[in-house]
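Asks: This is the structure I have questions about; it appears just below.
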Amino acid sequence: MNDNIVVLTGGVGGAKLVDGLYRILPTGSLTAIVNTGDDFRHFGLPISPDLDTLLYTLSGKANVAQGWGREGESWTFMDAARSLGAEDWFNLGDGDLALHILRRAAFENGDTLSVVTSRFAAQWGVSLPILPMSDDAVETWVDSDEGPLSFQRYFVGRQCAPQVSAIRFRGAKQAKPAPGVVEAIEAASAIIIAPSNPWLSIDPILAIPQLREALTLRKVPLVAVSPLIEGKAVKGPTRKLMDELGIHPSNASIAEHYGDLLDGLLTHIGDDTPSYIYGAQTNTLMLTHEDRIRVARSSLELARKCKRG
């Protein structure tokens, strides 16, 4: 297989896998398509959490211990905003704030999210196409026992406490894939779904009709890295969400969720692997850079062994 890898990703776990792939693949042979269903405006600023997490991770600026934001961040702005009675349920660090202010300025000058993201990546020396799934607005909302909640209100504001009965992606049916997204899928030698939350981070990507169609029509393997380890998520509400949606917390459920799109599934050592799907196992816990490389190599090896159709 000539490496031309596309990875669908969102969140911290997804960024770790992309980082592992980025470290071992030749320059120009990896493209990341990133969830933007988490994007929202706060204090009038456009926030793109999954794009920013990936930018921070690949440029070495991420706060590894915290799992989000920048290393060595300061909070002068938030302290000042709080003193003026501002909502503080979503923290913006001073360095992080610079990113959002420059993004808003670029939007006001007519630039798209794709253009701005590419510019930021180049400025930080990231030689990898980081493509938003769409330049159009797509908003993830959950139906909960507290009523409809936007994703960030649910995820950050309420710390995933409400019970979820359904997930919706407003604007997805009308959204177009961002420039380069369909072309990357069509040119891929393999496609990898990162160990991101399937319902909150990957489904928004798959909800864009033209993007899903391109994945459906592809002639190359698509493999996923399971987000579950011993039936639990390393981070985030994946297991809680599965329970609330009546989905058995197993790798079989992950495989069934992706359905006919999926050719192979990488799972944690000793975990169940569905017999009807081509599978492989490795230690999928990514605590170090070496861990990320290990999972990246295993996902590539699985993709090379899989055959489409």
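By order in the structure tokens, chains are A, B, ...; within a chain, residues start at 1; ligands start at 1, following the order shown.
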Which residues come within 10 Å of Asn91 of chain A, counting only C-alpha atoms, excluding same-chain residues fewer than 6 positions away, as a list of chain:residue names?
Replies: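 In the requested form, the answer reads A:His42, A:Gly69, A:Trp75, A:Phe77, A:Met78, A:Asp79, A:Leu97, A:Val156.
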Asks: Quick check for you: according to DSSP on this backbone, which residues of segment 190-283 of chain A are classed as alpha helix (DSSP H)? Reply as a list in words.
Replies: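 Those in segment 190-283 of chain A that DSSP calls alpha helix (DSSP H) are Asp203, Pro204, Ile205, Leu206, Pro209, Gln210, Leu211, Arg212, Glu213, Ala214, Leu215, Thr216, Leu217, Thr238, Arg239, Lys240, Leu241, Met242, Asp243, Glu244, Asn251, Ala252, Ser253, Ile254, Ala255, Glu256, His257 and Tyr258 of chain A.
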Asks: With C-alpha atoms retained, export the selected residues as a tab-separated table (two decimals), in the first residue's frame.
Replies:
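Just written: out31.tsv:
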chain	number	residue	atom	x	y	z
A	203	ASP	CA	-21.22	10.96	13.62
A	204	PRO	CA	-21.24	14.72	12.87
A	205	ILE	CA	-18.69	14.02	10.12
A	206	LEU	CA	-20.73	11.13	8.75
A	209	PRO	CA	-24.38	13.67	2.92
A	210	GLN	CA	-21.66	14.20	0.32
A	211	LEU	CA	-18.94	13.22	2.75
A	212	ARG	CA	-20.69	10.01	3.74
A	213	GLU	CA	-21.36	9.22	0.09
A	214	ALA	CA	-17.66	9.55	-0.69
A	215	LEU	CA	-16.87	7.12	2.14
A	216	THR	CA	-19.55	4.70	0.94
A	217	LEU	CA	-18.23	4.72	-2.64
A	238	THR	CA	-18.79	7.38	25.63
A	239	ARG	CA	-19.77	4.60	28.07
A	240	LYS	CA	-22.35	6.77	29.86
A	241	LEU	CA	-23.87	7.77	26.54
A	242	MET	CA	-24.07	4.17	25.34
A	243	ASP	CA	-25.87	3.16	28.52
A	244	GLU	CA	-28.38	6.01	28.17
A	251	ASN	CA	-16.75	-3.51	20.56
A	252	ALA	CA	-19.51	-5.34	18.72
A	253	SER	CA	-21.70	-2.28	19.30
A	254	ILE	CA	-18.95	-0.01	17.95
A	255	ALA	CA	-18.66	-2.18	14.84
A	256	GLU	CA	-22.43	-2.29	14.39
A	257	HIS	CA	-22.61	1.49	14.73
A	258	TYR	CA	-20.25	2.04	11.80
Asks: How far is it from atom CA of Leu285 of chain A to atom CA of Leu266 of chain A, in Å with one decimal?
Replies: 12.0 Å
Asks: Between A:Pro179, A:Gly157, A:Pro132, A:Pro26, which residue has the minimum interatomic distance to Ser48 of chain A, considering only C-alpha atoms?
Replies: A:Pro132
Asks: Excluding Val225 of chain A and residues on its chain fewer than 6 positions from it, collect all residues at most 6 Å away from it, counting only C-alpha atoms, and give them as a short mmCIF file (atom, residue, chain, number, x, y, z; two decimals) with C-alpha atoms, in the first residue's frame.
Replies:
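Dumped to part07.cif:
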data_model
loop_
_atom_site.label_atom_id
_atom_site.label_comp_id
_atom_site.auth_asym_id
_atom_site.auth_seq_id
_atom_site.Cartn_x
_atom_site.Cartn_y
_atom_site.Cartn_z
CA ALA A 194 -9.77 7.54 15.36
CA PRO A 195 -10.77 6.33 18.86
CA LEU A 265 -11.56 -2.85 14.01
CA LEU A 266 -8.54 -2.39 16.26
#
Asks: What does the structure give for the distance between atom CA of Asp272 of chain A and atom CA of Ser250 of chain A, in Å to one decimal?
Replies: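 Computing it gives 7.3 Å between the two atoms.
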Asks: Pick the closest to Thr112 of chain A from A:Glu73, A:Ala178, A:Pro129, A:Arg41: which is it, counting only C-alpha atoms?
Replies: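 Going through A:Glu73, A:Ala178, A:Pro129, A:Arg41 one by one, the smallest distance to Thr112 of chain A is for A:Ala178.
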Asks: Which residues come within 9 Å of Trp68 of chain A, counting only C-alpha atoms, excluding same-chain residues fewer than 2 positions away, as a list in words?
Replies: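 My list of contacting residues is Gly11, Val12, Pro49, Thr53, Tyr56, Ala62, Asn63, Val64, Ala65, Gln66, Arg70 and Glu71 of chain A.
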Asks: May I have a table of the residues of segment 23-80 of chain A lying at most 9 Å from segment 118-126 of chain A, giving each one's closest pair of atoms and their distance in Å to one decimal, counting only C-alpha atoms, ordered by chain and ascending residue number, as a Markdown table?
Replies:
| residue | atom | partner | partner_atom | distance |
| --- | --- | --- | --- | --- |
| A:Leu55 | CA | A:Ala121 | CA | 6.5 |
| A:Leu58 | CA | A:Val126 | CA | 6.6 |
| A:Ser59 | CA | A:Trp124 | CA | 6.1 |
Asks: What are the DSSP strand (DSSP E or B) residues of segment 52-153 of chain A, as a ChimeraX atom specification?
Replies: /A:62,70,130-132,134,139-144,147-150
Asks: Give the answer as one residue: which of A:Ala81, A:Ala32, A:Leu8, A:Cys306 has the shortest atom-to-atom distance to Asn197 of chain A, using only C-alpha atoms?
Replies: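 Of all the options, A:Leu8 lies closest to Asn197 of chain A.
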Asks: Give the answer as one residue: which of A:Glu146, A:Asp135, A:Asp52, A:Asp271 has the shortest atom-to-atom distance to Lys232 of chain A, using only C-alpha atoms?
Replies: A:Asp271
Asks: Show me, as a PyMOL selection string, the residues that have an atom within 7 Å of Ile33 of chain A when counting only C-alpha atoms, minus same-chain residues fewer than 3 positions from it.
Replies: chain A and resi 7-9+130-133+181
Asks: Would you pick out the contacts of Lys305 of chain A at 9 Å or less, using only C-alpha atoms, so that residues sharing its chain but fewer than 4 positions from it are not included, and give the list as a ChimeraX atom specification?
Replies: /A:221,264,278,300-301
Asks: Pick out the residues sitting within 8 Å of Lys16 of chain A, and hand them over as a PyMOL selection string; count only C-alpha atoms, and ignore anything fewer than 6 positions along from it in its own chain.
Replies: chain A and resi 57+286+292
Asks: Export N, CA and C atoms of the chosen residues as a PDB file, in the first residue's frame?
Replies:
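Generated file (result.pdb):
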ATOM      1  N   THR A  57      -1.908  19.837  19.738  1.00  0.00           N
ATOM      2  CA  THR A  57      -1.231  18.549  19.897  1.00  0.00           C
ATOM      3  C   THR A  57      -0.092  18.398  18.905  1.00  0.00           C
ATOM      4  N   MET A 286      -3.153   5.350  25.222  1.00  0.00           N
ATOM      5  CA  MET A 286      -2.114   6.234  24.706  1.00  0.00           C
ATOM      6  C   MET A 286      -1.745   7.288  25.750  1.00  0.00           C
ATOM      7  N   ARG A 292       1.297   6.381  21.337  1.00  0.00           N
ATOM      8  CA  ARG A 292       0.610   6.894  20.160  1.00  0.00           C
ATOM      9  C   ARG A 292       1.163   6.261  18.886  1.00  0.00           C
TER      10      ARG A 292
END
Asks: Have a look at A:Ala98, A:Leu51, A:Ala207, A:Val234 and name the one nearest to Gly171 of chain A; count only C-alpha atoms.
Replies: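 Answer, going by the shortest atom-to-atom distance: A:Ala207.
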